[in-house]
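For reference, structure.csv is printed below; it contains CSV, C-alpha atoms.
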chain,number,residue,atom,x,y,z
A,1,MET,CA,100.3,-53.1,-33.4
A,2,ASN,CA,97.0,-55.1,-33.1
A,3,LYS,CA,97.5,-58.4,-31.3
A,4,LYS,CA,95.2,-60.2,-33.7
A,5,ILE,CA,97.1,-58.9,-36.7
A,6,LEU,CA,100.4,-60.1,-35.2
A,7,PHE,CA,99.1,-63.6,-34.6
A,8,LEU,CA,97.6,-63.7,-38.1
A,9,LEU,CA,101.0,-63.0,-39.5
A,10,TRP,CA,102.4,-66.0,-37.8
A,11,VAL,CA,99.6,-68.2,-38.9
A,12,LEU,CA,100.0,-67.2,-42.5
A,13,LEU,CA,103.7,-68.0,-42.4
A,14,CYS,CA,102.9,-71.4,-40.9
A,15,ALA,CA,100.9,-72.4,-44.0
A,16,PRO,CA,102.7,-75.3,-45.8
A,17,MET,CA,103.7,-73.5,-48.9
A,18,ALA,CA,107.4,-73.6,-49.1
A,19,SER,CA,111.1,-75.1,-47.2
A,20,ALA,CA,113.0,-76.7,-44.5
A,21,GLN,CA,116.7,-76.2,-45.3
A,22,TYR,CA,117.7,-79.7,-44.2
A,23,ASP,CA,120.5,-81.0,-46.5
A,24,ALA,CA,122.0,-84.4,-46.1
A,25,ASP,CA,125.4,-82.8,-46.2
A,26,THR,CA,124.7,-80.4,-43.3
A,27,GLU,CA,122.0,-82.2,-41.5
A,28,ASN,CA,123.1,-81.8,-37.9
A,29,GLY,CA,124.3,-78.2,-38.1
A,30,VAL,CA,127.9,-79.1,-36.9
A,31,VAL,CA,129.5,-81.5,-39.4
A,32,SER,CA,128.5,-83.4,-42.5
A,33,LEU,CA,127.1,-86.9,-42.7
A,34,ALA,CA,128.4,-87.2,-46.3
A,35,ASP,CA,131.9,-85.7,-46.2
A,36,HIS,CA,135.3,-87.3,-45.6
A,37,ARG,CA,135.9,-86.0,-42.1
A,38,GLY,CA,136.0,-88.7,-39.4
A,39,PHE,CA,134.4,-92.1,-40.0
A,40,THR,CA,130.9,-93.7,-40.1
A,41,PHE,CA,129.5,-97.0,-39.2
A,42,THR,CA,126.8,-98.6,-41.4
A,43,THR,CA,124.9,-101.9,-41.5
A,44,LYS,CA,125.2,-104.2,-44.5
A,45,LYS,CA,121.6,-103.4,-45.5
A,46,GLY,CA,122.4,-99.7,-45.3
A,47,ASP,CA,119.4,-99.0,-43.2
A,48,PHE,CA,121.4,-97.7,-40.2
A,49,LEU,CA,124.2,-95.1,-40.2
A,50,PHE,CA,126.1,-93.8,-37.2
A,51,LYS,CA,128.7,-91.0,-37.2
A,52,PRO,CA,130.5,-89.6,-34.1
A,53,TYR,CA,132.0,-86.2,-34.5
A,54,LEU,CA,134.1,-83.5,-32.8
A,55,LEU,CA,134.4,-79.8,-33.3
A,56,VAL,CA,136.7,-77.6,-31.3
A,57,GLN,CA,137.2,-73.8,-31.6
A,58,THR,CA,139.9,-71.9,-29.9
A,59,SER,CA,140.1,-68.1,-30.3
A,60,GLY,CA,142.4,-65.2,-29.4
A,61,ASN,CA,140.4,-62.0,-28.7
A,62,TYR,CA,141.3,-58.3,-28.4
A,63,ASN,CA,138.5,-55.8,-27.4
A,64,TYR,CA,139.0,-52.1,-27.0
A,65,TYR,CA,136.1,-50.1,-25.4
A,66,ASP,CA,135.7,-46.3,-25.5
A,67,ASP,CA,135.4,-44.2,-22.3
A,68,ALA,CA,131.5,-44.2,-22.3
A,69,GLY,CA,130.3,-46.3,-19.4
A,70,LEU,CA,133.8,-46.8,-17.8
A,71,ASP,CA,134.4,-45.4,-14.3
A,72,PRO,CA,138.1,-44.5,-13.8
A,73,ALA,CA,137.5,-44.5,-10.1
A,74,TYR,CA,137.2,-48.3,-10.2
A,75,ASN,CA,140.3,-48.6,-12.5
A,76,GLN,CA,138.3,-49.9,-15.4
A,77,ASP,CA,140.4,-50.5,-18.5
A,78,ASN,CA,139.6,-49.7,-22.1
A,79,VAL,CA,141.0,-53.1,-23.0
A,80,ALA,CA,138.7,-55.8,-21.5
A,81,ASN,CA,137.3,-59.2,-22.4
A,82,SER,CA,140.6,-60.0,-24.1
A,83,GLY,CA,142.7,-63.1,-24.1
A,84,PHE,CA,141.9,-66.7,-25.2
A,85,ALA,CA,138.6,-68.5,-25.3
A,86,ILE,CA,137.0,-71.7,-26.4
A,87,PRO,CA,133.6,-70.8,-27.9
A,88,TYR,CA,132.7,-74.4,-28.7
A,89,ALA,CA,134.0,-77.8,-27.8
A,90,VAL,CA,131.4,-80.0,-29.3
A,91,LEU,CA,131.3,-83.8,-29.0
A,92,GLY,CA,128.4,-85.7,-30.5
A,93,PHE,CA,127.0,-88.3,-32.8
A,94,THR,CA,124.5,-88.2,-35.6
A,95,GLY,CA,123.0,-90.7,-38.0
A,96,LYS,CA,120.0,-92.2,-39.8
A,97,ALA,CA,117.8,-95.2,-39.1
A,98,PHE,CA,115.5,-97.2,-41.3
A,99,ASN,CA,115.7,-94.5,-44.0
A,100,ILE,CA,113.0,-92.5,-42.0
A,101,VAL,CA,114.6,-91.3,-38.8
A,102,ILE,CA,117.5,-88.9,-38.5
A,103,PHE,CA,119.0,-88.3,-35.1
A,104,ASN,CA,121.6,-86.1,-33.4
A,105,LEU,CA,123.0,-85.4,-30.0
A,106,SER,CA,125.8,-83.0,-29.2
A,107,ILE,CA,127.4,-81.8,-26.0
A,108,ASN,CA,129.2,-78.4,-25.9
A,109,ALA,CA,131.7,-78.8,-23.1
A,110,ALA,CA,132.7,-75.1,-23.3
A,111,ALA,CA,129.2,-74.0,-22.2
A,112,SER,CA,127.6,-74.1,-18.8
A,113,GLY,CA,124.3,-74.9,-17.3
A,114,GLY,CA,121.6,-76.0,-19.7
A,115,GLY,CA,123.8,-74.8,-22.6
A,116,ILE,CA,126.0,-77.9,-22.2
A,117,LEU,CA,123.3,-79.9,-24.1
A,118,GLN,CA,123.6,-78.1,-27.4
A,119,GLN,CA,121.4,-80.4,-29.5
A,120,ALA,CA,119.3,-83.5,-28.9
A,121,TRP,CA,116.7,-84.3,-31.5
A,122,ALA,CA,115.0,-86.9,-33.7
A,123,ASP,CA,113.6,-86.2,-37.1
A,124,ILE,CA,110.9,-88.5,-38.4
A,125,ARG,CA,110.8,-87.9,-42.2
A,126,PRO,CA,108.8,-90.5,-44.2
A,127,LYS,CA,109.1,-88.3,-47.4
A,128,ASP,CA,110.7,-85.0,-48.5
A,129,GLU,CA,107.4,-83.2,-48.4
A,130,VAL,CA,106.8,-83.7,-44.7
A,131,GLY,CA,108.8,-84.4,-41.5
A,132,VAL,CA,108.5,-83.8,-37.8
A,133,ARG,CA,111.5,-82.8,-35.7
A,134,ILE,CA,111.3,-83.0,-31.9
A,135,GLY,CA,113.9,-82.1,-29.2
A,136,LYS,CA,116.4,-79.3,-28.9
A,137,PHE,CA,117.6,-77.7,-32.2
A,138,LYS,CA,117.9,-74.4,-34.0
A,139,THR,CA,114.7,-72.4,-34.3
A,140,PRO,CA,113.6,-71.4,-37.8
A,141,PHE,CA,114.8,-67.8,-37.8
A,142,SER,CA,117.9,-66.2,-39.3
A,143,HIS,CA,120.3,-67.4,-42.0
A,144,ALA,CA,123.3,-66.5,-39.7
A,145,TYR,CA,122.1,-68.9,-37.0
A,146,LEU,CA,121.0,-71.7,-39.3
A,147,THR,CA,124.4,-71.9,-41.0
A,148,THR,CA,126.4,-74.9,-40.1
A,149,LEU,CA,128.5,-74.0,-37.0
A,150,GLY,CA,131.8,-74.7,-38.6
A,151,GLU,CA,131.1,-73.0,-42.0
A,152,THR,CA,130.3,-69.4,-41.1
A,153,LEU,CA,132.1,-66.6,-43.0
A,154,PHE,CA,133.2,-64.9,-39.8
A,155,PRO,CA,134.2,-66.4,-36.4
A,156,VAL,CA,131.7,-64.0,-34.7
A,157,LEU,CA,128.0,-63.7,-35.6
A,158,PRO,CA,126.5,-60.3,-36.5
A,159,THR,CA,126.3,-58.1,-33.4
A,160,SER,CA,122.8,-57.0,-34.5
A,161,LEU,CA,121.6,-60.6,-33.8
A,162,THR,CA,123.5,-61.4,-30.6
A,163,SER,CA,123.5,-58.2,-28.6
A,164,PRO,CA,120.6,-57.3,-26.2
A,165,VAL,CA,118.5,-54.3,-27.1
A,166,ILE,CA,118.2,-51.2,-24.8
A,167,LEU,CA,115.0,-50.5,-23.0
A,168,PRO,CA,114.3,-47.3,-21.0
A,169,TYR,CA,113.2,-49.3,-17.9
A,170,SER,CA,115.3,-50.8,-15.2
A,171,LEU,CA,113.9,-54.3,-15.7
A,172,ASN,CA,117.0,-56.5,-15.5
A,173,ALA,CA,115.1,-59.6,-16.6
A,174,VAL,CA,114.1,-57.9,-19.9
A,175,THR,CA,117.1,-57.9,-22.2
A,176,PRO,CA,116.0,-59.7,-25.4
A,177,HIS,CA,118.1,-59.9,-28.5
A,178,ILE,CA,116.8,-60.4,-32.0
A,179,GLY,CA,118.4,-63.8,-32.6
A,180,THR,CA,116.6,-66.9,-31.1
A,181,GLY,CA,119.1,-69.7,-31.6
A,182,PHE,CA,118.6,-73.1,-30.1
A,183,ASP,CA,115.5,-74.1,-28.1
A,184,LEU,CA,113.3,-77.0,-27.1
A,185,GLY,CA,110.2,-77.8,-29.1
A,186,VAL,CA,108.6,-79.5,-32.1
A,187,GLU,CA,108.7,-78.5,-35.7
A,188,VAL,CA,106.9,-79.6,-38.9
A,189,HIS,CA,109.0,-79.1,-42.1
A,190,GLY,CA,109.1,-80.2,-45.7
A,191,MET,CA,110.5,-79.7,-49.2
A,192,VAL,CA,108.1,-79.4,-52.1
A,193,LYS,CA,109.2,-79.9,-55.7
A,194,GLY,CA,112.8,-79.5,-54.6
A,195,LYS,CA,112.5,-75.7,-54.5
A,196,PHE,CA,109.9,-74.7,-52.0
A,197,GLY,CA,109.9,-75.5,-48.3
A,198,TYR,CA,108.5,-74.7,-44.9
A,199,GLN,CA,109.3,-74.9,-41.2
A,200,ALA,CA,106.7,-74.2,-38.6
A,201,GLY,CA,107.3,-74.9,-34.9
A,202,ILE,CA,106.4,-74.3,-31.3
A,203,PHE,CA,109.2,-73.9,-28.8
A,204,ASN,CA,109.6,-73.0,-25.1
A,205,GLY,CA,111.1,-69.6,-26.0
A,206,THR,CA,113.6,-69.7,-23.2
A,207,GLY,CA,116.7,-70.3,-25.3
A,208,ALA,CA,119.6,-72.7,-25.3
A,209,GLY,CA,120.3,-72.4,-21.6
A,210,VAL,CA,117.1,-73.9,-20.3
A,211,ASN,CA,116.2,-77.6,-20.7
A,212,VAL,CA,113.1,-77.8,-18.5
A,213,ALA,CA,109.4,-77.0,-19.0
A,214,GLY,CA,108.5,-73.9,-17.0
A,215,LYS,CA,106.0,-72.0,-19.1
A,216,THR,CA,102.3,-71.1,-18.3
A,217,LEU,CA,99.3,-69.6,-20.1
A,218,SER,CA,99.3,-66.0,-21.2
A,219,ASP,CA,97.2,-63.8,-19.0
A,220,ASP,CA,96.6,-61.4,-21.9
A,221,TRP,CA,96.1,-63.7,-24.8
A,222,HIS,CA,94.9,-66.9,-23.1
A,223,ILE,CA,97.2,-69.1,-25.1
A,224,PRO,CA,100.3,-71.1,-24.0
A,225,SER,CA,103.2,-68.7,-23.4
A,226,LEU,CA,105.5,-70.2,-25.9
A,227,LEU,CA,107.6,-69.2,-29.0
A,228,TYR,CA,105.6,-69.7,-32.2
A,229,ALA,CA,108.0,-69.6,-35.2
A,230,ALA,CA,107.9,-70.2,-39.0
A,231,ARG,CA,110.1,-69.8,-42.0
A,232,LEU,CA,109.5,-70.1,-45.7
A,233,THR,CA,112.2,-70.3,-48.4
A,234,TYR,CA,112.5,-70.5,-52.2
A,235,GLN,CA,115.6,-72.3,-53.5
A,236,PRO,CA,115.5,-72.1,-57.3
A,237,PHE,CA,118.6,-74.2,-57.9
A,238,GLY,CA,117.9,-77.0,-55.4
A,239,ILE,CA,118.6,-77.2,-51.7
A,240,MET,CA,121.0,-74.5,-50.6
A,241,PRO,CA,123.7,-75.9,-48.3
A,242,ALA,CA,123.9,-74.3,-44.9
A,243,SER,CA,127.4,-73.0,-45.6
A,244,GLN,CA,129.0,-69.6,-46.1
A,245,GLY,CA,132.1,-70.9,-47.7
A,246,ASP,CA,133.5,-74.4,-48.3
A,247,PRO,CA,136.4,-75.3,-50.6
A,248,ARG,CA,134.5,-78.4,-51.6
A,249,ARG,CA,131.9,-76.2,-53.3
A,250,LEU,CA,133.9,-74.0,-55.7
A,251,HIS,CA,131.7,-75.0,-58.7
A,252,SER,CA,128.3,-74.6,-57.2
A,253,ASN,CA,125.3,-72.4,-58.0
A,254,LYS,CA,122.8,-72.4,-55.1
A,255,MET,CA,120.5,-69.6,-53.9
A,256,LEU,CA,118.0,-69.1,-51.1
A,257,ILE,CA,115.4,-66.5,-50.5
A,258,GLY,CA,113.5,-66.7,-47.2
A,259,VAL,CA,111.0,-65.0,-44.9
A,260,SER,CA,110.4,-65.8,-41.3
A,261,ALA,CA,108.3,-64.7,-38.3
A,262,SER,CA,108.0,-65.6,-34.7
A,263,MET,CA,106.0,-64.6,-31.7
A,264,ASN,CA,107.4,-65.2,-28.2
A,265,VAL,CA,104.4,-64.9,-25.9
A,266,GLU,CA,105.2,-63.7,-22.4
A,267,SER,CA,108.9,-63.9,-22.9
A,268,GLU,CA,111.6,-62.5,-20.6
A,269,ASN,CA,110.1,-63.7,-17.3
A,270,GLU,CA,106.5,-63.0,-18.5
A,271,SER,CA,107.3,-59.3,-19.0
A,272,THR,CA,106.9,-58.8,-22.8
A,273,ASN,CA,105.4,-60.2,-26.0
A,274,ASP,CA,108.1,-60.2,-28.7
A,275,LEU,CA,107.3,-60.3,-32.4
A,276,ARG,CA,110.2,-60.9,-34.8
A,277,LEU,CA,110.2,-60.7,-38.6
A,278,GLY,CA,113.0,-61.6,-40.9
A,279,LEU,CA,114.0,-61.4,-44.6
A,280,GLU,CA,117.1,-63.2,-45.9
A,281,TRP,CA,119.0,-64.0,-49.1
A,282,SER,CA,122.1,-66.1,-49.7
A,283,TRP,CA,123.9,-67.2,-52.9
A,284,ILE,CA,126.8,-69.5,-53.6
A,285,LYS,CA,128.2,-69.0,-57.1
A,286,ASN,CA,131.4,-70.8,-57.8
A,287,ARG,CA,134.1,-69.1,-55.6
A,288,TRP,CA,131.6,-66.4,-54.4
A,289,TYR,CA,129.3,-66.4,-51.4
A,290,PHE,CA,126.8,-63.6,-50.8
A,291,GLY,CA,124.4,-63.2,-47.9
A,292,ALA,CA,122.1,-60.5,-46.6
A,293,GLU,CA,119.4,-60.3,-43.9
A,294,ALA,CA,117.1,-57.7,-42.4
A,295,TYR,CA,115.1,-58.3,-39.3
A,296,TYR,CA,112.6,-56.4,-37.0
A,297,MET,CA,111.5,-56.9,-33.4
A,298,HIS,CA,108.5,-55.3,-31.7
A,299,ILE,CA,108.3,-55.5,-27.9
A,300,GLY,CA,105.0,-55.0,-26.1
A,301,PHE,CA,104.7,-55.2,-22.4
A,302,THR,CA,102.2,-57.5,-20.7
A,303,LYS,CA,99.4,-55.9,-18.8
A,304,ARG,CA,100.9,-56.8,-15.4
A,305,GLN,CA,103.8,-54.5,-16.2
A,306,LYS,CA,101.4,-51.5,-16.5
A,307,ILE,CA,103.5,-50.0,-19.3
A,308,ASN,CA,101.5,-48.9,-22.3
A,309,THR,CA,104.4,-48.0,-24.5
A,310,SER,CA,105.8,-50.5,-27.0
A,311,TYR,CA,109.2,-50.4,-28.7
A,312,SER,CA,110.5,-51.4,-32.1
A,313,TYR,CA,114.0,-52.4,-33.2
A,314,TYR,CA,115.6,-53.4,-36.5
A,315,GLY,CA,118.9,-54.5,-37.9
A,316,GLY,CA,120.6,-56.4,-40.6
A,317,TYR,CA,123.8,-57.1,-42.4
A,318,ALA,CA,125.3,-57.8,-45.8
A,319,GLN,CA,128.4,-59.9,-46.3
A,320,ALA,CA,130.4,-61.4,-49.1
A,321,GLY,CA,133.2,-64.0,-49.4
A,322,TYR,CA,135.5,-64.9,-52.2
A,323,PHE,CA,138.0,-67.8,-52.6
A,324,ILE,CA,141.1,-66.0,-53.7
A,325,THR,CA,142.7,-69.4,-53.9
A,326,PRO,CA,141.1,-72.8,-53.4
A,327,LYS,CA,142.1,-72.6,-49.7
A,328,LEU,CA,142.0,-68.8,-48.9
A,329,GLN,CA,138.7,-67.0,-48.6
A,330,GLY,CA,138.4,-63.2,-48.1
A,331,ALA,CA,135.4,-61.8,-46.3
A,332,LEU,CA,133.6,-58.4,-45.9
A,333,ARG,CA,130.6,-57.6,-43.8
A,334,TYR,CA,128.5,-54.5,-42.9
A,335,ASP,CA,126.3,-54.9,-39.9
A,336,PHE,CA,123.8,-52.2,-38.6
A,337,PHE,CA,121.5,-52.1,-35.6
A,338,GLU,CA,118.8,-49.8,-34.3
A,339,ARG,CA,119.6,-50.9,-30.7
A,340,ASN,CA,117.9,-48.1,-28.6
A,341,SER,CA,114.5,-48.4,-30.4
A,342,THR,CA,113.0,-46.3,-33.2
A,343,LYS,CA,111.7,-43.8,-30.6
A,344,LYS,CA,115.2,-42.4,-30.0
A,345,GLY,CA,116.8,-42.7,-33.4
A,346,GLY,CA,120.5,-43.2,-34.2
A,347,PHE,CA,122.0,-46.6,-34.9
A,348,LEU,CA,125.2,-48.6,-34.8
A,349,ASN,CA,127.1,-49.4,-37.9
A,350,MET,CA,129.7,-52.1,-37.7
A,351,PRO,CA,131.9,-52.9,-40.7
A,352,ALA,CA,134.1,-56.0,-40.6
A,353,ILE,CA,136.9,-57.5,-42.6
A,354,GLY,CA,138.2,-61.1,-42.4
A,355,ALA,CA,140.0,-64.0,-44.0
A,356,ASN,CA,139.7,-67.8,-43.7
A,357,TYR,CA,142.3,-70.4,-44.6
A,358,PHE,CA,141.4,-74.1,-45.0
A,359,PHE,CA,143.8,-77.0,-44.3
A,360,ASP,CA,141.6,-79.7,-45.9
A,361,SER,CA,144.0,-82.6,-45.4
A,362,ILE,CA,143.9,-82.2,-41.6
A,363,ASN,CA,140.3,-80.7,-41.2
A,364,LEU,CA,141.7,-77.5,-39.8
A,365,LYS,CA,140.2,-74.0,-40.5
A,366,LEU,CA,141.8,-70.7,-39.5
A,367,GLN,CA,139.7,-67.5,-39.3
A,368,ALA,CA,140.6,-63.9,-38.5
A,369,MET,CA,138.5,-60.8,-38.4
A,370,TYR,CA,138.5,-57.1,-37.4
A,371,GLN,CA,135.3,-55.2,-36.5
A,372,TYR,CA,134.7,-51.6,-35.8
A,373,THR,CA,131.6,-50.3,-34.0
A,374,GLY,CA,130.5,-46.8,-35.0
A,375,ARG,CA,127.5,-44.7,-34.0
A,376,THR,CA,125.6,-42.2,-36.1
A,377,GLY,CA,122.4,-40.2,-36.1
A,378,HIS,CA,121.9,-39.8,-32.4
A,379,ALA,CA,120.0,-36.7,-31.2
A,380,ARG,CA,121.9,-36.4,-27.9
A,381,GLN,CA,125.4,-37.3,-26.7
A,382,MET,CA,123.8,-39.3,-23.9
A,383,ASP,CA,121.9,-41.5,-26.4
A,384,ARG,CA,125.1,-41.9,-28.4
A,385,ASP,CA,127.1,-43.0,-25.3
A,386,GLU,CA,124.4,-45.4,-24.1
A,387,ASP,CA,123.9,-47.1,-27.5
A,388,ASN,CA,127.1,-49.1,-27.5
A,389,LEU,CA,127.3,-49.9,-23.8
A,390,GLY,CA,128.9,-53.3,-23.4
A,391,LEU,CA,130.1,-53.4,-27.0
A,392,ALA,CA,133.8,-53.0,-28.1
A,393,THR,CA,134.7,-50.1,-30.3
A,394,SER,CA,137.4,-52.2,-32.0
A,395,SER,CA,137.6,-56.0,-31.8
A,396,VAL,CA,140.0,-58.5,-33.3
A,397,THR,CA,139.3,-62.3,-33.3
A,398,VAL,CA,141.6,-65.0,-34.5
A,399,MET,CA,140.2,-68.5,-34.3
A,400,ALA,CA,141.4,-72.1,-35.1
A,401,GLN,CA,138.8,-74.7,-35.7
A,402,TYR,CA,139.4,-78.5,-35.8
A,403,THR,CA,136.7,-80.9,-37.0
A,404,PHE,CA,136.7,-84.7,-36.9

Step by step, read the file and then write its structure as structure tokens.
Amino acid sequence: MNKKILFLLWVLLCAPMASAQYDADTENGVVSLADHRGFTFTTKKGDFLFKPYLLVQTSGNYNYYDDAGLDPAYNQDNVANSGFAIPYAVLGFTGKAFNIVIFNLSINAAASGGGILQQAWADIRPKDEVGVRIGKFKTPFSHAYLTTLGETLFPVLPTSLTSPVILPYSLNAVTPHIGTGFDLGVEVHGMVKGKFGYQAGIFNGTGAGVNVAGKTLSDDWHIPSLLYAARLTYQPFGIMPASQGDPRRLHSNKMLIGVSASMNVESENESTNDLRLGLEWSWIKNRWYFGAEAYYMHIGFTKRQKINTSYSYYGGYAQAGYFITPKLQGALRYDFFERNSTKKGGFLNMPAIGANYFFDSINLKLQAMYQYTGRTGHARQMDRDEDNLGLATSSVTVMAQYTF
């Protein structure tokens, strides 16, 4: 794909037409500023608000892998990566100052390296139509990642977003995945007429695990080798909360339609230029939640790699949740992933079923899910075996989450 066309796509998406999904109820992406959990400190004038918070997730995991990729000579087991884990142990504080600045800092004690600093940002927002956010926060791509951490429908994000793609080259440094997650940068955002919004930002493109400036200029494009990202949304019924199920919202009607694009210039140790495109839809209607996304990634190697071939990948998911009772939510998801590129064909299909139970009085949430990883459409058995390397054929996750 022509480089100028790719960059033009990003520029068009950066035009200030439509919405940052920043809701006062889900501002920091972890807990709410407005709900009853925990406590807040405010000044008499109301021009300063400070709220400490805590979120802890503990999970039990069972993962079964098929024989592909296992070497019996090394006594490798079909059951691996099982037992107990703490995905997140987040301690932080958030607040507002002078009715203009919103701030947040959170530490994930369950992470390591640069990932310990999960978020650290300040948002200067003089009015709804325009604001500037600086620091470390979620990049404007993917409904699944932008959902409040404690309010996802399933305890595990879609595999099509989180698993690395497969490249036919032995470049250990080049293992991109479609999701971009947290990163360091600056973003301009705004909400127009309460329905249209925009987010446009520039980030390091190195992900959540790096907190230093280590980028250079692109040898091929002669621009800073950074992640350029933008997202536009239409929210016909007002701001869509960043939630996939909340017992406090059983009488709501909110919808979001969004498009997003990003270009990570000289990503993956200066080896590739990665274009990502996304389309999303989500809807909360009384006890129902619906969500669907489709995304595409195009990888082109830099000239120094001397590889003329480029590769394309796509994936997506559809999911639904329903509150059977005011505290019990059932969940279904179908996830698909063209992981080994469109040049080979065949894809992964990953249906999942789950349930969530909310103990509102003590801020406790229980989640459980089962996911199966299937493969279809592969031309050769070798391609079929390689496509799900590192992925469990059957996985069960049970998670308890406490929020304060």

(request) Could you tell me how far atom CA of A:Tyr295 lies from atom CA of A:Ser260, in Å and to one decimal? (result)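 Those two atoms sit 9.1 Å apart.
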
(message) For a quick check of understanding, using only C-alpha atoms, which of A:Lys285, A:Lys344, A:His251, A:Arg231 has the smallest distance to A:His143?
(response)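 The answer is A:Arg231, which sits nearest to A:His143.
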
Output as JSON lines one row per residue of stretch 223-265 of chain A within 10 Å of stretch 206-210 of chain A: the closest atom pair and its distance in Å to one decimal place, counting only C-alpha atoms, sorted by chain and residue number ascending.
{"residue": "A:Leu226", "atom": "CA", "partner": "A:Thr206", "partner_atom": "CA", "distance": 8.6}
{"residue": "A:Leu227", "atom": "CA", "partner": "A:Thr206", "partner_atom": "CA", "distance": 8.4}
{"residue": "A:Asn264", "atom": "CA", "partner": "A:Thr206", "partner_atom": "CA", "distance": 9.1}

(request) Measure the distance from atom CA of A:Asn63 to atom CA of A:His177 in Å and round it to one decimal. (result) 20.8 Å

(request) Would you mind reading off the distance between atom CA of A:Phe337 and atom CA of A:Met382, one decimal, in Å? (result)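 Going from atom CA of A:Phe337 over to atom CA of A:Met382 covers 17.5 Å.
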
I'd like the neighbourhood of A:Phe84 as a short mmCIF file (atom, residue, chain, number, x, y, z; two decimals) with C-alpha atoms, keeping the file's coordinate frame, where a residue qualifies if any of its atoms comes within 8 Å (using all atoms listed in the file), though same-chain residues fewer than 4 positions away should be ignored.
data_model
loop_
_atom_site.label_atom_id
_atom_site.label_comp_id
_atom_site.auth_asym_id
_atom_site.auth_seq_id
_atom_site.Cartn_x
_atom_site.Cartn_y
_atom_site.Cartn_z
CA THR A 58 139.90 -71.90 -29.90
CA SER A 59 140.10 -68.10 -30.30
CA GLY A 60 142.40 -65.20 -29.40
CA ASN A 61 140.40 -62.00 -28.70
#

Hey, what's within 9 Å of A:Thr373 if we count only C-alpha atoms and toss same-chain stuff fewer than 6 positions away? As a compact mmCIF listing (two decimals) with C-alpha atoms, in the frame of the given file, please?
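Generated output (around-v8.txt):
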# COMPACT_ATOMS: atom_id res chain seq x y z
CA LEU A 348 125.20 -48.60 -34.80
CA ASN A 349 127.10 -49.40 -37.90
CA MET A 350 129.70 -52.10 -37.70
CA PRO A 351 131.90 -52.90 -40.70
CA ASN A 388 127.10 -49.10 -27.50
CA LEU A 391 130.10 -53.40 -27.00
CA ALA A 392 133.80 -53.00 -28.10
CA THR A 393 134.70 -50.10 -30.30
CA SER A 394 137.40 -52.20 -32.00
CA SER A 395 137.60 -56.00 -31.80

(message) Applying 12 Å and all atoms listed in the file, which residues near A:Gly135 remain after dropping the ones on its own chain fewer than 3 positions away? List them as a ChimeraX atom specification.
(response) /A:103-106,117-124,132,138-139,182-187,201-204,208,211-212

(request) Would you list the residues near (134.2, -62.2, -43.1) (no more than 10 Å away, in the coordinates of the file, using all atoms listed in the file) as an NGL selection string? (result) :A and (152-157 or 244 or 319-322 or 329-334 or 351-356 or 367-371)

(request) May I ask which of the residues A:Ala400, A:Ala97, A:Ile299, A:Ala379 is the closest one to A:Ile178, counting all atoms listed in the file? (result)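 Of the candidates, the smallest distance to A:Ile178 is held by A:Ile299.
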
(request) Tell me which of A:Tyr372, A:Trp288, A:Trp283, A:Phe358 sits closest to A:Gln401, counting all atoms listed in the file. (result)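 So, comparing all the options, the nearest one is A:Phe358.
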
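When only C-alpha atoms are used to compute distances to A:Thr342, the closest of the residues A:Val165, A:Ile86, A:Ala292, A:Val56 turns out to be A:Val165.
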
(request) Measuring atom to atom with all atoms listed in the file, identify which of A:Phe359, A:Gln305, A:Met263, A:Glu293 is nearest to A:Asp335. (result)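 Checking each candidate against A:Asp335, we get A:Glu293 as the closest.
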
(request) For A:Ser243, please output as JSON, numbers by chain all residues within 7 Å (counting all atoms listed in the file; exclusion window: fewer than 3 positions along the same chain). (result) {"A": [147, 148, 151, 152, 246]}

(request) Choose the residue, out of A:Pro164, A:Gly194, A:Gly114, A:Gly83, that has the smallest atom-to-atom separation from A:Lys127; count only C-alpha atoms. (result)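 Smallest distance to A:Lys127 is found for A:Gly194.
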
Within 12 Å of (128.9, -86.3, -29.7) (coordinates as in the file), grab all the protein and nucleic acid residues, counting only C-alpha atoms, and write them out as a CSV table (one decimal) with C-alpha atoms, keeping the file's coordinate frame.
chain,number,residue,atom,x,y,z
A,28,ASN,CA,123.1,-81.8,-37.9
A,30,VAL,CA,127.9,-79.1,-36.9
A,31,VAL,CA,129.5,-81.5,-39.4
A,50,PHE,CA,126.1,-93.8,-37.2
A,51,LYS,CA,128.7,-91.0,-37.2
A,52,PRO,CA,130.5,-89.6,-34.1
A,53,TYR,CA,132.0,-86.2,-34.5
A,54,LEU,CA,134.1,-83.5,-32.8
A,55,LEU,CA,134.4,-79.8,-33.3
A,56,VAL,CA,136.7,-77.6,-31.3
A,89,ALA,CA,134.0,-77.8,-27.8
A,90,VAL,CA,131.4,-80.0,-29.3
A,91,LEU,CA,131.3,-83.8,-29.0
A,92,GLY,CA,128.4,-85.7,-30.5
A,93,PHE,CA,127.0,-88.3,-32.8
A,94,THR,CA,124.5,-88.2,-35.6
A,95,GLY,CA,123.0,-90.7,-38.0
A,103,PHE,CA,119.0,-88.3,-35.1
A,104,ASN,CA,121.6,-86.1,-33.4
A,105,LEU,CA,123.0,-85.4,-30.0
A,106,SER,CA,125.8,-83.0,-29.2
A,107,ILE,CA,127.4,-81.8,-26.0
A,108,ASN,CA,129.2,-78.4,-25.9
A,109,ALA,CA,131.7,-78.8,-23.1
A,116,ILE,CA,126.0,-77.9,-22.2
A,117,LEU,CA,123.3,-79.9,-24.1
A,118,GLN,CA,123.6,-78.1,-27.4
A,119,GLN,CA,121.4,-80.4,-29.5
A,120,ALA,CA,119.3,-83.5,-28.9
A,403,THR,CA,136.7,-80.9,-37.0
A,404,PHE,CA,136.7,-84.7,-36.9
